[in-house]
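my_file-v4.cif (mmCIF, C-alpha atoms) appears below.
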data_protein
loop_
_atom_site.label_atom_id
_atom_site.label_comp_id
_atom_site.auth_asym_id
_atom_site.auth_seq_id
_atom_site.Cartn_x
_atom_site.Cartn_y
_atom_site.Cartn_z
CA MET G 294 0.00 0.00 0.00
CA SER G 295 1.32 3.44 -0.92
CA ASN G 296 2.72 5.68 1.78
CA LEU G 297 0.48 8.60 2.76
CA ALA G 298 3.27 11.09 2.13
CA ASP G 299 3.73 9.81 -1.44
CA ILE G 300 0.03 10.29 -2.18
CA LEU G 301 0.00 13.86 -0.87
CA PHE G 302 3.34 14.85 -2.41
CA ARG G 303 2.11 13.63 -5.83
CA ALA G 304 -1.02 15.73 -5.34
CA GLY G 305 1.13 18.85 -4.98
CA PHE G 306 1.28 19.27 -1.20
CA GLY G 307 4.70 20.24 0.11
CA GLU G 308 6.57 19.17 3.22
CA ASP G 309 5.20 22.19 5.12
CA LYS G 310 1.66 20.81 4.64
CA VAL G 311 2.32 17.07 4.90
CA GLY G 312 4.95 17.10 7.64
CA PRO G 313 2.69 18.30 10.49
CA LEU G 314 0.08 15.70 9.56
CA LEU G 315 2.63 12.91 9.78
CA LYS G 316 3.90 14.23 13.12
CA LEU G 317 0.39 13.82 14.51
CA GLY G 318 0.75 10.11 13.84
CA PHE G 319 -1.44 9.75 10.73
CA TYR G 320 0.81 7.65 8.52
CA THR G 321 -1.77 5.60 6.61
CA PRO G 322 -4.25 6.91 4.02
CA GLU G 323 -7.12 5.47 6.09
CA ALA G 324 -6.07 7.17 9.33
CA ALA G 325 -5.48 10.53 7.65
CA LEU G 326 -8.77 10.41 5.75
CA THR G 327 -10.76 9.66 8.91
CA PHE G 328 -9.02 12.50 10.73
CA LEU G 329 -9.56 15.05 7.94
CA ARG G 330 -13.19 14.10 7.40
CA ASN G 331 -13.98 14.50 11.09
CA HIS G 332 -12.29 17.88 11.57
CA PRO G 333 -14.06 20.41 9.33
CA SER G 334 -13.11 23.26 11.67
CA ILE G 335 -9.33 22.97 11.29
CA GLU G 336 -9.28 26.23 9.35
CA ARG G 337 -9.66 28.01 12.70
CA ILE G 338 -6.40 29.33 14.12
CA GLU G 339 -7.04 28.00 17.64
CA VAL G 340 -7.65 24.50 16.26
CA LEU G 341 -4.55 24.58 14.10
CA ARG G 342 -2.50 25.53 17.15
CA LEU G 343 -4.15 22.89 19.30
CA LEU G 344 -3.30 20.18 16.79
CA ASP G 345 0.17 21.54 16.02
CA LEU G 346 -0.72 21.97 12.35
CA ARG G 347 1.44 24.75 10.93
CA TRP G 348 -0.93 25.70 8.13
CA ARG G 349 -2.07 29.22 7.32
CA PRO G 350 -5.62 29.73 8.64
CA ASP G 351 -6.78 31.35 5.41
CA GLU G 352 -5.82 28.28 3.37
CA ALA G 353 -6.46 25.47 5.90
CA ALA G 354 -9.95 24.62 4.60
CA ALA G 355 -8.65 24.24 1.05
CA ILE G 356 -5.72 22.12 2.26
CA ARG G 357 -8.08 19.84 4.15
CA GLN G 358 -10.46 19.34 1.22
CA GLY G 359 -7.61 18.90 -1.25
CA MET G 360 -6.07 16.19 0.91
CA ILE G 361 -9.41 14.43 1.26
CA ASN G 362 -9.85 14.43 -2.52
CA ALA G 363 -6.29 13.21 -3.11
CA ILE G 364 -6.60 10.31 -0.68
CA GLU G 365 -10.07 9.25 -1.88
CA ARG G 366 -8.93 9.23 -5.52
CA SER G 367 -5.54 7.62 -4.90
CA GLY G 368 -6.74 4.04 -5.25
CA PHE G 369 -4.68 3.02 -2.23
CA LEU G 370 -7.38 2.82 0.43
CA ALA G 371 -8.04 -0.58 1.96
CA PRO G 372 -10.85 -2.58 0.28
CA ASN G 373 -14.34 -1.50 1.40
CA PHE G 374 -12.87 1.26 3.58
CA LEU G 375 -15.17 3.96 2.22
CA ASP G 376 -18.19 1.67 2.60
CA LEU G 377 -17.28 1.11 6.24
CA GLU G 378 -16.78 4.85 6.74
CA ASN G 379 -20.24 5.54 5.35
CA ARG G 380 -21.67 2.87 7.63
CA GLN G 381 -19.95 4.59 10.55
CA GLU G 382 -21.27 7.99 9.49
CA GLN G 383 -24.84 6.70 9.76
CA ARG G 384 -24.33 6.08 13.46
CA PHE G 385 -23.15 9.63 14.14
CA ASP G 386 -25.34 11.94 12.07
CA ALA G 387 -25.51 14.76 14.63
CA LEU G 388 -22.93 17.20 15.90
CA PRO G 389 -21.53 16.67 19.38
CA LEU G 390 -23.29 19.01 21.77
CA GLY G 391 -20.28 21.27 22.23
CA ALA G 392 -19.91 21.94 18.50
CA THR G 393 -23.66 22.55 18.19
CA VAL G 394 -23.63 25.18 20.91
CA LEU G 395 -20.52 26.96 19.70
CA ASN G 396 -21.98 27.12 16.20
CA GLY G 397 -24.94 29.02 17.61
CA LYS G 398 -27.41 26.19 17.05
CA GLY G 399 -27.95 25.13 20.65
CA THR G 400 -30.95 25.69 22.90
CA PRO G 401 -30.74 27.25 26.39
CA GLU G 402 -30.99 23.71 27.78
CA ASP G 403 -27.96 22.75 25.69
CA GLN G 404 -26.00 25.71 27.06
CA ASP G 405 -26.74 24.60 30.61
CA HIS G 406 -25.69 21.05 29.75
CA VAL G 407 -22.37 22.21 28.33
CA ALA G 408 -21.68 24.43 31.34
CA GLU G 409 -22.27 21.43 33.59
CA ALA G 410 -20.05 19.27 31.41
CA ILE G 411 -17.17 21.73 31.48
CA SER G 412 -17.46 21.86 35.27
CA PHE G 413 -17.51 18.05 35.31
CA VAL G 414 -14.23 17.75 33.39
CA SER G 415 -12.58 20.48 35.45
CA ALA G 416 -13.50 18.66 38.65
CA VAL G 417 -12.15 15.38 37.27
CA GLU G 418 -8.83 17.08 36.54
CA SER G 419 -8.57 18.55 40.02
CA GLN G 420 -9.45 15.27 41.74
CA ALA G 421 -7.41 12.87 39.60
CA LYS G 422 -4.35 12.82 41.86
CA GLN G 423 -6.52 12.07 44.89
CA ASN G 424 -7.99 9.05 43.12
CA ARG G 425 -4.79 7.56 41.77
CA LEU G 426 -4.38 5.11 44.66
CA GLN G 427 -7.84 3.75 43.79
CA MET G 428 -6.61 3.30 40.24
CA ARG G 429 -3.53 1.40 41.31
CA ASP G 430 -5.46 -0.97 43.55
CA LEU G 431 -6.71 -3.09 40.62
CA PRO G 432 -6.19 -6.85 40.10
CA ASP G 433 -2.88 -8.06 38.71
CA HIS G 434 -4.59 -11.03 37.06
CA LYS G 435 -7.02 -11.58 34.20
CA ILE G 436 -10.78 -11.82 34.77
CA ASP G 437 -12.71 -13.57 31.99
CA LEU G 438 -16.46 -14.20 32.17
CA LEU G 439 -16.78 -15.11 28.51
CA GLY G 440 -14.43 -18.08 28.43
CA THR G 441 -14.79 -20.05 25.21
CA ARG G 442 -18.49 -19.30 24.72
CA ALA G 443 -19.46 -18.51 21.14
CA TRP G 444 -21.29 -15.23 21.68
CA ARG G 445 -21.32 -13.05 18.59
CA ALA G 446 -21.62 -9.32 19.10
CA ARG G 447 -24.88 -7.84 17.83
CA ASP G 448 -25.45 -4.77 15.66
CA GLN G 449 -27.61 -1.85 16.74
CA GLY G 450 -26.95 -0.10 13.42
CA SER G 451 -28.11 3.53 13.48
CA TRP G 452 -30.61 2.73 16.22
CA PRO G 453 -29.81 4.68 19.45
CA ALA G 454 -30.53 1.63 21.58
CA CYS G 455 -27.12 0.93 23.12
CA VAL G 456 -28.57 1.02 26.66
CA PRO G 457 -31.03 -1.85 26.09
CA PHE G 458 -28.47 -3.72 23.97
CA SER G 459 -25.88 -3.52 26.77
CA LEU G 460 -28.38 -4.60 29.44
CA ALA G 461 -29.77 -7.40 27.26
CA ALA G 462 -26.18 -8.62 26.91
CA CYS G 463 -25.75 -8.57 30.70
CA ILE G 464 -28.91 -10.67 31.08
CA GLU G 465 -27.81 -13.14 28.40
CA LEU G 466 -24.38 -13.75 29.89
CA ALA G 467 -25.59 -13.76 33.50
CA ARG G 468 -28.17 -16.45 32.67
CA ALA G 469 -25.59 -18.50 30.77
CA LEU G 470 -23.14 -18.29 33.68
CA SER G 471 -25.81 -19.32 36.20
CA SER G 472 -26.61 -22.36 34.06
CA GLY G 473 -23.01 -23.58 34.19
CA GLY G 474 -21.12 -25.26 31.38
CA LEU G 475 -20.24 -23.55 28.12
CA ILE G 476 -23.71 -22.91 26.73
CA THR G 477 -24.20 -20.06 24.26
CA PRO G 478 -26.25 -17.26 25.85
CA THR G 479 -29.89 -17.12 24.74
CA ARG G 480 -30.60 -13.88 22.90
CA GLN G 481 -32.79 -11.40 24.72
CA SER G 482 -34.82 -8.76 22.88
CA ALA G 483 -33.24 -5.31 23.01
CA ARG G 484 -36.23 -4.05 21.04
CA PHE G 485 -38.65 -5.12 23.76
CA LEU G 486 -36.64 -3.26 26.39
CA TYR G 487 -36.22 -0.23 24.14
CA ARG G 488 -39.84 0.20 23.15
CA GLN G 489 -41.22 -0.37 26.62
CA ALA G 490 -38.70 2.04 28.14
CA ARG G 491 -39.08 4.74 25.49
CA ARG G 492 -42.84 4.73 25.89
CA GLN G 493 -42.43 5.26 29.63
CA ALA G 494 -39.96 8.06 28.97
CA ILE G 495 -42.42 9.79 26.62
CA GLU G 496 -45.30 9.41 29.03
CA GLY G 497 -43.11 10.77 31.83
CA GLY G 498 -42.18 13.87 29.85
CA LYS G 499 -38.47 13.02 29.79
CA VAL G 500 -37.97 13.37 26.05
CA ALA G 501 -37.57 17.15 26.26
CA SER G 502 -34.12 16.52 27.76
CA PRO G 503 -31.13 16.56 25.35
CA ALA G 504 -30.22 13.00 26.34
CA TYR G 505 -33.58 11.68 25.07
CA ARG G 506 -34.26 13.97 22.13
CA THR G 507 -32.95 11.69 19.38
CA GLY G 508 -34.21 8.41 20.78
CA GLY G 509 -31.81 7.68 23.61
CA LEU G 510 -32.43 6.16 27.03
CA LYS G 511 -30.84 5.93 30.45
CA PHE G 512 -30.39 2.87 32.62
CA GLU G 513 -33.12 4.04 34.99
CA ASP G 514 -35.68 3.74 32.17
CA VAL G 515 -34.85 0.10 31.46
CA GLU G 516 -34.69 -0.65 35.18
CA LEU G 517 -38.44 -0.02 35.45
CA VAL G 518 -39.13 -2.32 32.50
CA LEU G 519 -37.01 -5.17 33.87
CA SER G 520 -38.70 -5.10 37.27
CA SER G 521 -42.28 -4.64 36.02
CA TYR G 522 -42.42 -6.30 32.58
CA GLY G 523 -39.26 -8.42 32.51
CA SER G 524 -37.07 -9.41 29.57
CA CYS G 525 -38.31 -11.57 26.72
CA ARG G 526 -36.37 -13.77 24.35
CA GLU G 527 -35.65 -12.33 20.93
CA ILE G 528 -37.62 -15.06 19.16
CA PHE G 529 -40.77 -13.40 20.53
CA CYS G 530 -39.75 -9.81 19.73
CA GLN G 531 -37.12 -9.68 17.03
CA ASP G 532 -34.76 -6.75 17.01
CA ALA G 533 -35.17 -4.34 14.14
CA TYR G 534 -33.68 -1.05 13.06
CA PHE G 535 -34.62 2.47 14.05
CA GLU G 536 -38.07 3.61 12.91
CA ASP G 537 -39.37 7.06 12.10
CA ALA G 538 -41.67 6.77 15.12
CA ASP G 539 -38.64 6.54 17.37
CA THR G 540 -37.75 10.16 16.62
CA LYS G 541 -41.31 11.42 17.14
CA ASN G 542 -41.54 11.82 20.84
CA ASP G 543 -45.29 11.65 21.23
CA ILE G 544 -47.60 8.80 22.18
CA ALA G 545 -49.74 8.98 19.03
CA ALA G 546 -46.75 8.29 16.76
CA TRP G 547 -45.50 5.66 19.19
CA LYS G 548 -48.78 3.73 19.10
CA ALA G 549 -48.75 3.83 15.30
CA ALA G 550 -45.25 2.32 15.05
CA ALA G 551 -44.95 -0.87 13.02
CA ASN G 552 -43.00 -2.93 15.55
CA GLU G 553 -45.61 -3.17 18.27
CA ILE G 554 -45.10 -5.33 21.35
CA THR G 555 -47.12 -8.56 21.13
CA ASN G 556 -48.92 -10.43 23.90
CA LYS G 557 -46.57 -13.39 23.38
CA SER G 558 -43.52 -11.24 24.09
CA ILE G 559 -45.16 -9.79 27.20
CA GLN G 560 -46.07 -13.27 28.45
CA ASP G 561 -42.52 -14.52 27.89
CA ALA G 562 -41.04 -11.49 29.64
CA GLN G 563 -43.22 -12.02 32.71
CA THR G 564 -41.31 -15.23 33.45
CA LYS G 565 -37.96 -13.39 33.64
CA LYS G 566 -38.03 -10.29 35.80
CA PHE G 567 -34.88 -8.63 37.07
CA LEU G 568 -33.71 -6.10 39.61
CA MET G 569 -30.91 -3.72 38.73
CA GLU G 570 -28.28 -2.39 41.03
CA ARG G 571 -27.10 0.78 39.40
CA PHE G 572 -25.57 4.19 39.91
CA ASP G 573 -26.19 7.29 37.81
CA PHE G 574 -23.70 10.15 38.21
CA PRO G 575 -23.72 12.66 35.38
CA LYS G 576 -22.50 15.32 37.84
CA PHE G 577 -19.06 15.07 39.36
CA THR G 578 -20.42 15.70 42.86
CA GLU G 579 -22.42 12.46 42.55
CA ARG G 580 -19.45 10.33 41.55
CA ARG G 581 -18.01 7.66 43.74
CA SER G 582 -14.28 7.06 43.72
CA GLY G 583 -12.91 3.62 42.95
CA MET G 584 -15.27 2.98 40.02
CA ALA G 585 -12.71 0.83 38.19
CA ARG G 586 -12.25 -1.29 41.29
CA THR G 587 -16.03 -1.54 41.79
CA VAL G 588 -16.49 -2.94 38.28
CA CYS G 589 -13.66 -5.42 38.88
CA ASN G 590 -15.33 -6.57 42.10
CA TRP G 591 -18.58 -7.32 40.25
CA LEU G 592 -16.67 -9.22 37.58
CA LYS G 593 -14.97 -11.30 40.28
CA GLN G 594 -18.44 -12.27 41.53
CA GLY G 595 -19.38 -13.46 38.05
CA CYS G 596 -21.56 -10.45 37.18
CA PRO G 597 -21.26 -8.77 33.78
CA VAL G 598 -21.57 -5.00 34.10
CA ALA G 599 -23.27 -2.47 31.82
CA VAL G 600 -21.57 0.94 31.66
CA ALA G 601 -22.45 4.13 29.82
CA ILE G 602 -19.61 6.51 28.96
CA ALA G 603 -20.08 9.99 27.56
CA GLY G 604 -19.14 10.90 24.01
CA PHE G 605 -16.46 13.41 24.96
CA ALA G 606 -15.79 15.83 22.13
CA ASP G 607 -13.55 18.77 21.43
CA PRO G 608 -15.80 21.87 21.35
CA LEU G 609 -13.98 23.10 18.23
CA LYS G 610 -14.63 20.01 16.15
CA GLU G 611 -17.71 18.54 14.59
CA LYS G 612 -18.40 14.81 14.71
CA ALA G 613 -15.28 13.92 16.68
CA THR G 614 -15.77 12.00 19.92
CA ILE G 615 -13.87 9.24 21.67
CA TRP G 616 -16.48 6.78 20.34
CA HIS G 617 -15.98 8.14 16.81
CA SER G 618 -12.21 8.33 16.76
CA GLU G 619 -10.04 6.62 14.19
CA ALA G 620 -8.01 4.80 16.84
CA PHE G 621 -11.12 3.32 18.43
CA TRP G 622 -12.65 2.05 15.19
CA GLU G 623 -9.36 0.73 13.91
CA TYR G 624 -8.12 -1.11 17.00
CA GLY G 625 -11.05 -1.30 19.42
CA ILE G 626 -9.32 0.52 22.31
CA LEU G 627 -11.29 3.52 23.57
CA PRO G 628 -9.13 6.65 23.82
CA ILE G 629 -8.92 8.54 27.10
CA PRO G 630 -10.65 11.93 26.76
CA ALA G 631 -8.34 14.91 26.64
CA PRO G 632 -8.79 17.27 29.59
CA HIS G 633 -10.08 20.07 27.35
CA ALA G 634 -12.80 17.85 25.85
CA ILE G 635 -16.42 18.35 26.84
CA VAL G 636 -19.22 15.85 27.04
CA GLY G 637 -21.89 15.59 24.34
CA THR G 638 -25.42 14.24 24.49
CA GLY G 639 -24.43 11.08 22.61
CA GLY G 640 -22.52 8.61 24.75
CA HIS G 641 -22.47 4.85 24.33
CA ALA G 642 -23.30 1.90 26.58
CA VAL G 643 -21.54 -1.49 26.46
CA CYS G 644 -21.39 -4.74 28.43
CA ILE G 645 -18.18 -5.38 30.42
CA VAL G 646 -17.20 -9.06 30.38
CA GLY G 647 -13.62 -9.10 31.66
CA TYR G 648 -10.44 -7.35 32.70
CA VAL G 649 -6.78 -7.64 31.68
CA PRO G 650 -4.03 -6.03 33.80
CA GLU G 651 -1.91 -5.04 30.80
CA LEU G 652 -1.33 -5.52 27.08
CA PRO G 653 1.40 -8.19 26.79
CA ASN G 654 2.34 -6.87 23.34
CA ALA G 655 1.34 -3.20 23.43
CA SER G 656 3.48 -2.36 20.38
CA ALA G 657 0.97 -4.20 18.16
CA VAL G 658 -1.36 -1.18 18.29
CA PRO G 659 -0.47 2.51 17.96
CA THR G 660 -0.31 4.53 21.17
CA ALA G 661 -3.59 6.39 21.64
CA GLU G 662 -3.83 6.87 25.38
CA ASN G 663 -5.22 10.37 25.02
CA PHE G 664 -7.82 11.62 22.55
CA TYR G 665 -5.36 14.07 21.02
CA LYS G 666 -2.02 13.83 22.80
CA ASN G 667 -0.66 13.07 26.24
CA ALA G 668 -1.64 15.58 28.91
CA ALA G 669 0.23 16.34 32.14
CA PHE G 670 -2.92 15.67 34.13
CA TYR G 671 -2.62 11.96 33.33
CA ASP G 672 1.08 11.63 34.16
CA ASN G 673 1.68 8.59 36.37
CA LEU G 674 -2.05 8.15 36.91
CA VAL G 675 -3.00 5.80 34.11
CA SER G 676 -3.23 2.16 35.11
CA PRO G 677 -2.10 -0.26 32.40
CA GLY G 678 -5.30 -2.22 33.01
CA TYR G 679 -8.12 -2.58 30.47
CA PHE G 680 -11.73 -3.72 30.71
CA VAL G 681 -12.97 -6.09 28.01
CA PHE G 682 -16.32 -5.06 26.57
CA ARG G 683 -18.84 -6.55 24.17
CA ASN G 684 -19.93 -3.88 21.69
CA SER G 685 -23.14 -3.67 19.65
CA TYR G 686 -21.50 -2.78 16.32
CA ASP G 687 -21.39 -6.40 15.08
CA ILE G 688 -18.13 -8.02 13.96
CA TYR G 689 -17.22 -5.04 11.74
CA PHE G 690 -15.68 -3.50 14.84
CA PRO G 691 -12.79 -3.20 15.29
CA ARG G 692 -11.43 -3.16 11.78
CA LYS G 693 -8.06 -4.54 12.87
CA ASN G 694 -9.03 -7.30 15.25
CA LEU G 695 -5.84 -9.20 14.40
CA ALA G 696 -3.77 -6.33 15.81
CA LEU G 697 -5.85 -6.35 18.98
CA ARG G 698 -5.40 -10.12 19.29
CA SER G 699 -1.66 -9.63 18.87
CA ALA G 700 -1.58 -6.93 21.55
CA LEU G 701 -3.40 -9.23 23.96
CA LYS G 702 -1.53 -12.34 22.77
CA ASP G 703 -4.94 -14.00 22.52
CA ALA G 704 -5.62 -15.63 19.16
CA ASN G 705 -9.22 -16.27 20.20
CA PHE G 706 -10.19 -12.75 21.25
CA PRO G 707 -13.63 -12.39 19.62
CA GLU G 708 -14.59 -9.98 16.88
CA GLY G 709 -16.94 -7.23 17.95
CA TYR G 710 -15.24 -6.83 21.33
CA GLY G 711 -12.80 -4.16 22.52
CA LEU G 712 -10.99 -2.60 25.48
CA ILE G 713 -11.70 0.36 27.77
CA PRO G 714 -8.70 1.76 29.70
CA ALA G 715 -9.04 1.63 33.46
CA ALA G 716 -8.61 5.43 33.61
CA VAL G 717 -11.76 5.93 31.53
CA MET G 718 -13.65 3.53 33.79
CA GLU G 719 -12.45 5.39 36.87
CA TYR G 720 -13.11 8.96 35.82
CA PHE G 721 -15.63 9.13 32.98
CA VAL G 722 -18.41 6.56 33.42
CA TRP G 723 -21.88 8.13 33.38
CA GLU G 724 -23.86 5.12 34.59
CA TYR G 725 -23.22 1.54 35.52
CA GLY G 726 -25.50 -1.32 36.45
CA ILE G 727 -25.81 -5.06 37.00
CA VAL G 728 -28.92 -7.26 36.75
CA LYS G 729 -30.12 -9.86 39.22
CA PRO G 730 -33.03 -12.27 38.64
CA ILE G 731 -36.07 -11.81 40.86
CA PRO G 732 -36.65 -15.20 42.55
#
This entry written out as structure tokens:
Amino acid sequence: MSNLADILFRAGFGEDKVGPLLKLGFYTPEAALTFLRNHPSIERIEVLRLLDLRWRPDEAAAIRQGMINAIERSGFLAPNFLDLENRQEQRFDALPLGATVLNGKGTPEDQDHVAEAISFVSAVESQAKQNRLQMRDLPDHKIDLLGTRAWRARDQGSWPACVPFSLAACIELARALSSGGLITPTRQSARFLYRQARRQAIEGGKVASPAYRTGGLKFEDVELVLSSYGSCREIFCQDAYFEDADTKNDIAAWKAAANEITNKSIQDAQTKKFLMERFDFPKFTERRSGMARTVCNWLKQGCPVAVAIAGFADPLKEKATIWHSEAFWEYGILPIPAPHAIVGTGGHAVCIVGYVPELPNASAVPTAENFYKNAAFYDNLVSPGYFVFRNSYDIYFPRKNLALRSALKDANFPEGYGLIPAAVMEYFVWEYGIVKPIP
């Protein structure tokens, strides 16, 4: 495959334009294209300085678009790369909240949310050193709930249903573990949990909040469904993709939706009710220290854990969050948010199924500990530990699973799974929860 520099030099870009890009670590056409596509505001002087790009502000937009065109037309992109990029774009079709507000498109509620988020990150920075002993008190051995079970990751597509998908995964694995042996978990219906919970959220007037506006949920919404309705098997309520009704936050549209809940699914769910033990701490003052250790303790007890982590974004960039970063999609390791990043409305929830104290072969994946670059605030604080999570982006994530397997020295590490650094678990989890069957 052609070197990125060769492609750009042949397109007429000089060392003064290409050199800074390479110094940021974007050596492949795929990595550079993802970066350039996701940073339409790099023509702004403050962004150029932040990213150490020594381009003239008045020509930065043209440089960016010219590089995009050169890479796309080079013929040296990996097979199906653009198709995968378009698939990824469908999941993230809205600006992060910070970019929306700074572009003058936000509501007063959005402004309040951003102010709270900035305060949240500032408080995390100031408290990090006090929490570092909690970070270092993590297991020095591997925890693996999955074992050799064949449990393919599912695909939520463009459907904002990661909360019910993550909790359905917890139920599936918890039931399989309680049954003993190596049985494959029985699929639970994320759609059943989603539709029942969204209806309750609409009826309760919650959908005016930014977190719910585009179809999202919180763990507390599914908690009510699990304890009152239960969880049904997917054969009785098959998962589908996002519907138009899901974006219309009124009961009339909801009742007219095509994928109604059937009596059979309700009857099946009634036989499997669950209680959740959960914590919700969007504000720093509500956080509990030792979150990474808490999740490890649940894993030791054989309990998979659902966690929701915010989509931290740089306020100067559109469509650039830790969940939408090139490093994450390529290698499946979630970057640590940079201290200057702010939280958006669109986070992501996943199911935690294990823990590894370190990467035995860390050189197999590029260093991406911080969203942009290493920050002093993280110095000597970052545990080498990682939490193993089951994603809901099917086996197309991560793109380079072989590199992740090499880093872990685990030839059987499943496709569709990834790693969350212990520092992210400690400082930036929004919600976490476990499920327990009601006797």
### Point-to-point distance in Å for CA of Trp616 in chain G and CA of Arg484 in chain G
22.5 Å
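Residues selected in this file by the PyMOL selection byres ((chain G and resi 688-691) around 7) comprise Ala446, Trp622, Glu623, Tyr624, Gly625, Tyr686, Asp687, Arg692, Lys693, Asn694, Glu708 and Gly709 of chain G.
Using the PyMOL selection byres ((chain G and resi 461) around 9) on this structure selects G:Val456, G:Pro457, G:Phe458, G:Ser459, G:Leu460, G:Ala462, G:Cys463, G:Ile464, G:Glu465, G:Leu466, G:Arg480, G:Gln481, G:Ser482, G:Ala483, G:Leu486, G:Ser524, G:Cys644.
Each of G:Asn556, G:Ala443, G:Thr614, G:Val598 was compared to Met584 in chain G using only C-alpha atoms, and G:Val598 turns out to be the nearest.
For Asp299 in chain G, the non-local neighbours within 12 Å, defined as residues at least 6 positions apart in the same chain or in other chains and counting only C-alpha atoms, are Gly305, Phe306, Gly307, Glu308, Val311, Gly312, Leu315, Tyr320, Thr321, Pro322, Met360, Ala363, Ile364, Ser367 and Phe369 of chain G.
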